[in-house]
$ cat protein.cif   # mmCIF, C-alpha atoms; chains and numbers go by the auth columns
data_model
loop_
_atom_site.group_PDB
_atom_site.id
_atom_site.type_symbol
_atom_site.label_atom_id
_atom_site.label_comp_id
_atom_site.label_asym_id
_atom_site.label_seq_id
_atom_site.Cartn_x
_atom_site.Cartn_y
_atom_site.Cartn_z
_atom_site.B_iso_or_equiv
_atom_site.auth_seq_id
_atom_site.auth_asym_id
ATOM 1 C CA MET A 1 66.476 -19.966 163.184 0.00 212 N
ATOM 2 C CA ASP A 2 65.434 -19.731 159.546 0.00 213 N
ATOM 3 C CA LEU A 3 62.674 -17.124 159.334 0.00 214 N
ATOM 4 C CA SER A 4 62.126 -17.437 155.585 0.00 215 N
ATOM 5 C CA CYS A 5 59.063 -19.602 156.255 0.00 216 N
ATOM 6 C CA LEU A 6 57.310 -16.946 158.403 0.00 217 N
ATOM 7 C CA PHE A 7 55.174 -15.653 155.538 0.00 218 N
ATOM 8 C CA GLU A 8 54.866 -18.826 153.458 0.00 219 N
ATOM 9 C CA LYS A 9 51.272 -19.572 154.548 0.00 220 N
ATOM 10 C CA SER A 10 50.014 -15.992 154.515 0.00 221 N
ATOM 11 C CA ASP A 11 51.155 -12.483 153.631 0.00 222 N
ATOM 12 C CA MET A 12 49.998 -11.361 157.062 0.00 223 N
ATOM 13 C CA ILE A 13 50.431 -13.138 160.395 0.00 224 N
ATOM 14 C CA PRO A 14 49.229 -12.417 163.940 0.00 225 N
ATOM 15 C CA VAL A 15 51.532 -10.928 166.549 0.00 226 N
ATOM 16 C CA ILE A 16 50.759 -11.237 170.248 0.00 227 N
ATOM 17 C CA ILE A 17 52.196 -8.396 172.316 0.00 228 N
ATOM 18 C CA GLN A 18 53.128 -9.349 175.864 0.00 229 N
ATOM 19 C CA ASP A 19 54.656 -7.222 178.595 0.00 230 N
ATOM 20 C CA ALA A 20 58.183 -8.588 179.019 0.00 231 N
ATOM 21 C CA GLU A 21 58.165 -7.944 182.776 0.00 232 N
ATOM 22 C CA THR A 22 54.632 -8.847 183.907 0.00 233 N
ATOM 23 C CA LYS A 23 53.845 -11.326 181.091 0.00 234 N
ATOM 24 C CA GLU A 24 50.413 -9.673 180.679 0.00 235 N
ATOM 25 C CA VAL A 25 49.002 -9.930 177.148 0.00 236 N
ATOM 26 C CA LEU A 26 48.665 -6.364 175.912 0.00 237 N
ATOM 27 C CA MET A 27 47.325 -6.620 172.382 0.00 238 N
ATOM 28 C CA LEU A 28 47.049 -8.617 169.189 0.00 239 N
ATOM 29 C CA GLY A 29 48.112 -7.124 165.890 0.00 240 N
ATOM 30 C CA PHE A 30 49.019 -8.281 162.419 0.00 241 N
ATOM 31 C CA THR A 31 52.309 -7.989 160.623 0.00 242 N
ATOM 32 C CA ASN A 32 53.448 -8.411 157.054 0.00 243 N
ATOM 33 C CA GLN A 33 57.032 -8.712 155.829 0.00 244 N
ATOM 34 C CA GLU A 34 57.568 -4.944 155.706 0.00 245 N
ATOM 35 C CA ALA A 35 56.156 -4.345 159.211 0.00 246 N
ATOM 36 C CA PHE A 36 58.255 -7.217 160.564 0.00 247 N
ATOM 37 C CA ARG A 37 61.391 -5.815 158.921 0.00 248 N
ATOM 38 C CA LEU A 38 60.700 -2.350 160.367 0.00 249 N
ATOM 39 C CA SER A 39 60.079 -3.851 163.801 0.00 250 N
ATOM 40 C CA MET A 40 63.432 -5.635 163.709 0.00 251 N
ATOM 41 C CA GLU A 41 65.271 -2.568 162.383 0.00 252 N
ATOM 42 C CA THR A 42 63.780 -0.020 164.800 0.00 253 N
ATOM 43 C CA GLY A 43 63.233 -2.160 167.885 0.00 254 N
ATOM 44 C CA THR A 44 59.642 -0.911 168.180 0.00 255 N
ATOM 45 C CA ALA A 45 56.494 -2.757 167.130 0.00 256 N
ATOM 46 C CA TRP A 46 55.181 -2.051 163.637 0.00 257 N
ATOM 47 C CA PHE A 47 51.955 -3.540 162.318 0.00 258 N
ATOM 48 C CA TRP A 48 49.794 -3.688 159.230 0.00 259 N
ATOM 49 C CA SER A 49 46.470 -1.978 159.849 0.00 260 N
ATOM 50 C CA ARG A 50 43.779 -4.079 158.196 0.00 261 N
ATOM 51 C CA SER A 51 41.192 -1.296 158.468 0.00 262 N
ATOM 52 C CA ARG A 52 43.391 1.566 157.228 0.00 263 N
ATOM 53 C CA ARG A 53 45.391 -0.690 154.909 0.00 264 N
ATOM 54 C CA GLN A 54 48.703 0.839 155.905 0.00 265 N
ATOM 55 C CA LEU A 55 51.764 0.292 158.064 0.00 266 N
ATOM 56 C CA TRP A 56 51.733 1.824 161.534 0.00 267 N
ATOM 57 C CA ASN A 57 54.243 2.092 164.327 0.00 268 N
ATOM 58 C CA LYS A 58 52.477 1.601 167.656 0.00 269 N
ATOM 59 C CA GLY A 59 53.075 4.793 169.612 0.00 270 N
ATOM 60 C CA GLU A 60 53.806 7.127 166.710 0.00 271 N
ATOM 61 C CA SER A 61 50.781 9.297 167.557 0.00 272 N
ATOM 62 C CA SER A 62 50.328 8.545 171.285 0.00 273 N
ATOM 63 C CA GLY A 63 53.972 8.280 172.299 0.00 274 N
ATOM 64 C CA ASN A 64 53.217 4.884 173.854 0.00 275 N
ATOM 65 C CA PHE A 65 55.759 2.861 171.905 0.00 276 N
ATOM 66 C CA LEU A 66 56.258 -0.873 172.389 0.00 277 N
ATOM 67 C CA HIS A 67 59.987 -1.595 172.673 0.00 278 N
ATOM 68 C CA ILE A 68 60.698 -5.153 171.546 0.00 279 N
ATOM 69 C CA LEU A 69 62.989 -7.036 173.901 0.00 280 N
ATOM 70 C CA GLU A 70 62.435 -10.551 172.574 0.00 281 N
ATOM 71 C CA VAL A 71 60.724 -12.212 169.605 0.00 282 N
ATOM 72 C CA ARG A 72 59.377 -15.747 169.541 0.00 283 N
ATOM 73 C CA THR A 73 57.528 -17.769 166.952 0.00 284 N
ATOM 74 C CA ASP A 74 55.037 -20.547 167.526 0.00 285 N
ATOM 75 C CA CYS A 75 55.705 -24.189 166.672 0.00 286 N
ATOM 76 C CA ASP A 76 54.234 -23.792 163.159 0.00 287 N
ATOM 77 C CA THR A 77 56.148 -20.566 162.461 0.00 288 N
ATOM 78 C CA ASP A 78 52.946 -18.789 161.451 0.00 289 N
ATOM 79 C CA SER A 79 52.462 -16.405 164.359 0.00 290 N
ATOM 80 C CA LEU A 80 54.742 -14.275 166.507 0.00 291 N
ATOM 81 C CA LEU A 81 55.095 -13.199 170.111 0.00 292 N
ATOM 82 C CA TYR A 82 56.793 -9.893 170.906 0.00 293 N
ATOM 83 C CA LEU A 83 57.863 -9.454 174.508 0.00 294 N
ATOM 84 C CA CYS A 84 57.891 -5.709 174.910 0.00 295 N
ATOM 85 C CA LYS A 85 58.512 -2.866 177.308 0.00 296 N
ATOM 86 C CA PRO A 86 55.568 -0.484 176.817 0.00 297 N
ATOM 87 C CA ASP A 87 56.050 3.283 177.245 0.00 298 N
ATOM 88 C CA GLY A 88 52.473 3.623 178.495 0.00 299 N
ATOM 89 C CA PRO A 89 48.987 2.235 177.954 0.00 300 N
ATOM 90 C CA THR A 90 48.801 -0.081 174.955 0.00 301 N
ATOM 91 C CA CYS A 91 45.102 0.183 174.110 0.00 302 N
ATOM 92 C CA HIS A 92 43.765 3.140 172.134 0.00 303 N
ATOM 93 C CA THR A 93 41.122 3.497 174.902 0.00 304 N
ATOM 94 C CA GLY A 94 43.864 4.360 177.390 0.00 305 N
ATOM 95 C CA ALA A 95 43.727 0.963 179.088 0.00 306 N
ATOM 96 C CA ARG A 96 46.982 -0.835 179.848 0.00 307 N
ATOM 97 C CA SER A 97 45.858 -3.851 177.801 0.00 308 N
ATOM 98 C CA CYS A 98 43.377 -4.239 174.959 0.00 309 N
ATOM 99 C CA PHE A 99 42.065 -7.359 176.721 0.00 310 N
ATOM 100 C CA PHE A 100 39.801 -5.927 179.422 0.00 311 N
ATOM 101 C CA ASN A 101 36.353 -7.095 178.233 0.00 312 N
ATOM 102 C CA GLU A 102 35.464 -10.243 180.146 0.00 313 N
ATOM 103 C CA ILE A 103 33.135 -12.852 178.663 0.00 314 N
ATOM 104 C CA ASP A 104 31.206 -14.988 181.136 0.00 315 N
ATOM 105 C CA PRO A 105 31.013 -18.590 179.816 0.00 316 N
ATOM 106 C CA GLU A 106 27.587 -18.971 181.449 0.00 317 N
ATOM 107 C CA ASP A 107 26.268 -16.048 179.379 0.00 318 N
ATOM 108 C CA VAL A 108 27.635 -17.675 176.230 0.00 319 N
ATOM 109 C CA LYS A 109 25.974 -20.986 177.113 0.00 320 N
ATOM 110 C CA ALA A 110 22.651 -19.193 177.668 0.00 321 N
ATOM 111 C CA ASP A 111 22.971 -17.423 174.291 0.00 322 N
ATOM 112 C CA ILE A 112 23.711 -20.728 172.555 0.00 323 N
ATOM 113 C CA GLU A 113 20.668 -22.356 174.151 0.00 324 N
ATOM 114 C CA LEU A 114 18.467 -19.416 173.098 0.00 325 N
ATOM 115 C CA GLU A 115 19.786 -19.657 169.522 0.00 326 N
ATOM 116 C CA LYS A 116 19.030 -23.402 169.455 0.00 327 N
ATOM 117 C CA GLU A 117 15.484 -22.802 170.723 0.00 328 N
ATOM 118 C CA THR A 118 14.934 -20.083 168.097 0.00 329 N
ATOM 119 C CA GLU A 119 16.278 -22.345 165.328 0.00 330 N
ATOM 120 C CA ASP A 120 13.995 -25.184 166.495 0.00 331 N
ATOM 121 C CA ILE A 121 10.960 -22.876 166.391 0.00 332 N
ATOM 122 C CA GLU A 122 11.916 -21.598 162.919 0.00 333 N
ATOM 123 C CA ASP A 123 12.461 -25.166 161.673 0.00 334 N
ATOM 124 C CA THR A 124 9.047 -26.190 163.021 0.00 335 N
ATOM 125 C CA GLU A 125 7.405 -23.200 161.316 0.00 336 N
ATOM 126 C CA ASP A 126 9.219 -23.872 158.029 0.00 337 N
ATOM 127 C CA THR A 127 8.107 -27.502 157.890 0.00 338 N
ATOM 128 C CA GLY A 128 4.549 -26.701 158.863 0.00 339 N
ATOM 129 C CA LYS A 129 4.655 -29.052 161.845 0.00 340 N
ATOM 130 C CA GLY A 130 3.561 -26.242 164.092 0.00 341 N
ATOM 131 C CA GLU A 131 0.330 -25.700 162.124 0.00 342 N
ATOM 132 C CA GLU A 132 -2.956 -27.172 163.269 0.00 343 N
#
$ encode --input "protein.cif" --output "structure tokens"
Amino acid sequence: MDLSCLFEKSDMIPVIIQDAETKEVLMLGFTNQEAFRLSMETGTAWFWSRSRRQLWNKGESSGNFLHILEVRTDCDTDSLLYLCKPDGPTCHTGARSCFFNEIDPEDVKADIELEKETEDIEDTEDTGKGEE
């Protein structure tokens, strides 16, 4: 596969990390060309930290490295999937996966309805229709 198009759309692309054995999604990170090259050379997952603005090798401080067993790209070749064998918890909180916060769709629907009601009240106040 020709990987030259990986970074044509953006200098940085998302990488989904999945446990190669359980198929559980462990984390989402971002890679640039240098991090991708290092990942392929070392066999462990490297990322570009958007907050620290630097390269980082997952596990270099915690010892919980992500060993890459397989790499896949999506159909548009603008995101990656690393199937990995983790040495330990993936999340900086100590959790196995970074995806442990559940969002209840019913709560989201209620929040959307509340926002709509608030916007309607503000619109009524702005137009003066609510004045007597």
$ residues_near_point --input "protein.cif" --point "(42.1, -6.4, 179.2)" --cutoff "10 Å" --atoms "all atoms listed in the file" --output "list of chain:residue names"
N:Glu235, N:Val236, N:Leu237, N:Met238, N:Cys302, N:Ala306, N:Arg307, N:Ser308, N:Cys309, N:Phe310, N:Phe311, N:Asn312, N:Glu313
$ atom_distance --input "protein.cif" --atom1 "atom CA of N:Ser262" --atom2 "atom CA of N:Leu292"
21.7 Å
$ residues_near_point --input "protein.cif" --point "(52.0, -7.3, 155.4)" --cutoff "9 Å" --atoms "all atoms listed in the file" --output "list of chain:residue names"
N:Phe218, N:Ser221, N:Asp222, N:Met223, N:Ile224, N:Phe241, N:Thr242, N:Asn243, N:Gln244, N:Glu245, N:Ala246, N:Phe247, N:Phe258, N:Trp259, N:Ser260, N:Gln265, N:Leu266
$ resolve_selection --input "protein.cif" --expression "the PyMOL selection byres ((chain N and resi 289) around 10)" --output "list in words"
Cys216, Leu217, Phe218, Glu219, Lys220, Ser221, Met223, Ile224, Pro225, Val226, Thr284, Asp285, Cys286, Asp287, Thr288, Ser290 and Leu291 of chain N
$ closest_residue --input "protein.cif" --among "N:Ile332, N:Leu214, N:Leu277, N:Val282" --to "N:Gly299" --atoms "all atoms listed in the file"
N:Leu277
$ residues_around --input "protein.cif" --residues "N:Lys296" --least-positions-apart "6" --cutoff "12 Å" --atoms "only C-alpha atoms" --output "PDB file with C-alpha atoms, keeping the file's coordinate frame"
ATOM      1  CA  ILE N 228      52.196  -8.396 172.316  1.00  0.00           C
ATOM      2  CA  GLN N 229      53.128  -9.349 175.864  1.00  0.00           C
ATOM      3  CA  ASP N 230      54.656  -7.222 178.595  1.00  0.00           C
ATOM      4  CA  ALA N 231      58.183  -8.588 179.019  1.00  0.00           C
ATOM      5  CA  GLU N 232      58.165  -7.944 182.776  1.00  0.00           C
ATOM      6  CA  THR N 233      54.632  -8.847 183.907  1.00  0.00           C
ATOM      7  CA  LYS N 234      53.845 -11.326 181.091  1.00  0.00           C
ATOM      8  CA  GLU N 235      50.413  -9.673 180.679  1.00  0.00           C
ATOM      9  CA  VAL N 236      49.002  -9.930 177.148  1.00  0.00           C
ATOM     10  CA  LEU N 237      48.665  -6.364 175.912  1.00  0.00           C
ATOM     11  CA  GLY N 254      63.233  -2.160 167.885  1.00  0.00           C
ATOM     12  CA  THR N 255      59.642  -0.911 168.180  1.00  0.00           C
ATOM     13  CA  ALA N 256      56.494  -2.757 167.130  1.00  0.00           C
ATOM     14  CA  ASN N 275      53.217   4.884 173.854  1.00  0.00           C
ATOM     15  CA  PHE N 276      55.759   2.861 171.905  1.00  0.00           C
ATOM     16  CA  LEU N 277      56.258  -0.873 172.389  1.00  0.00           C
ATOM     17  CA  HIS N 278      59.987  -1.595 172.673  1.00  0.00           C
ATOM     18  CA  ILE N 279      60.698  -5.153 171.546  1.00  0.00           C
ATOM     19  CA  LEU N 280      62.989  -7.036 173.901  1.00  0.00           C
ATOM     20  CA  GLU N 281      62.435 -10.551 172.574  1.00  0.00           C
ATOM     21  CA  ARG N 307      46.982  -0.835 179.848  1.00  0.00           C
TER      22      ARG N 307
END
$ atom_distance --input "protein.cif" --atom1 "atom CA of N:His303" --atom2 "atom CA of N:Ser272"
10.4 Å
$ atom_distance --input "protein.cif" --atom1 "atom CA of N:Ile314" --atom2 "atom CA of N:Leu239"
17.4 Å
$ axis_aligned_box --input "protein.cif" --around "stretch 291-308 of chain N" --padding-each-side "6 Å" --output "AutoDock Vina command-line options"
--center_x 49.8 --center_y -5.0 --center_z 173.2 --size_x 29.4 --size_y 30.6 --size_z 25.3
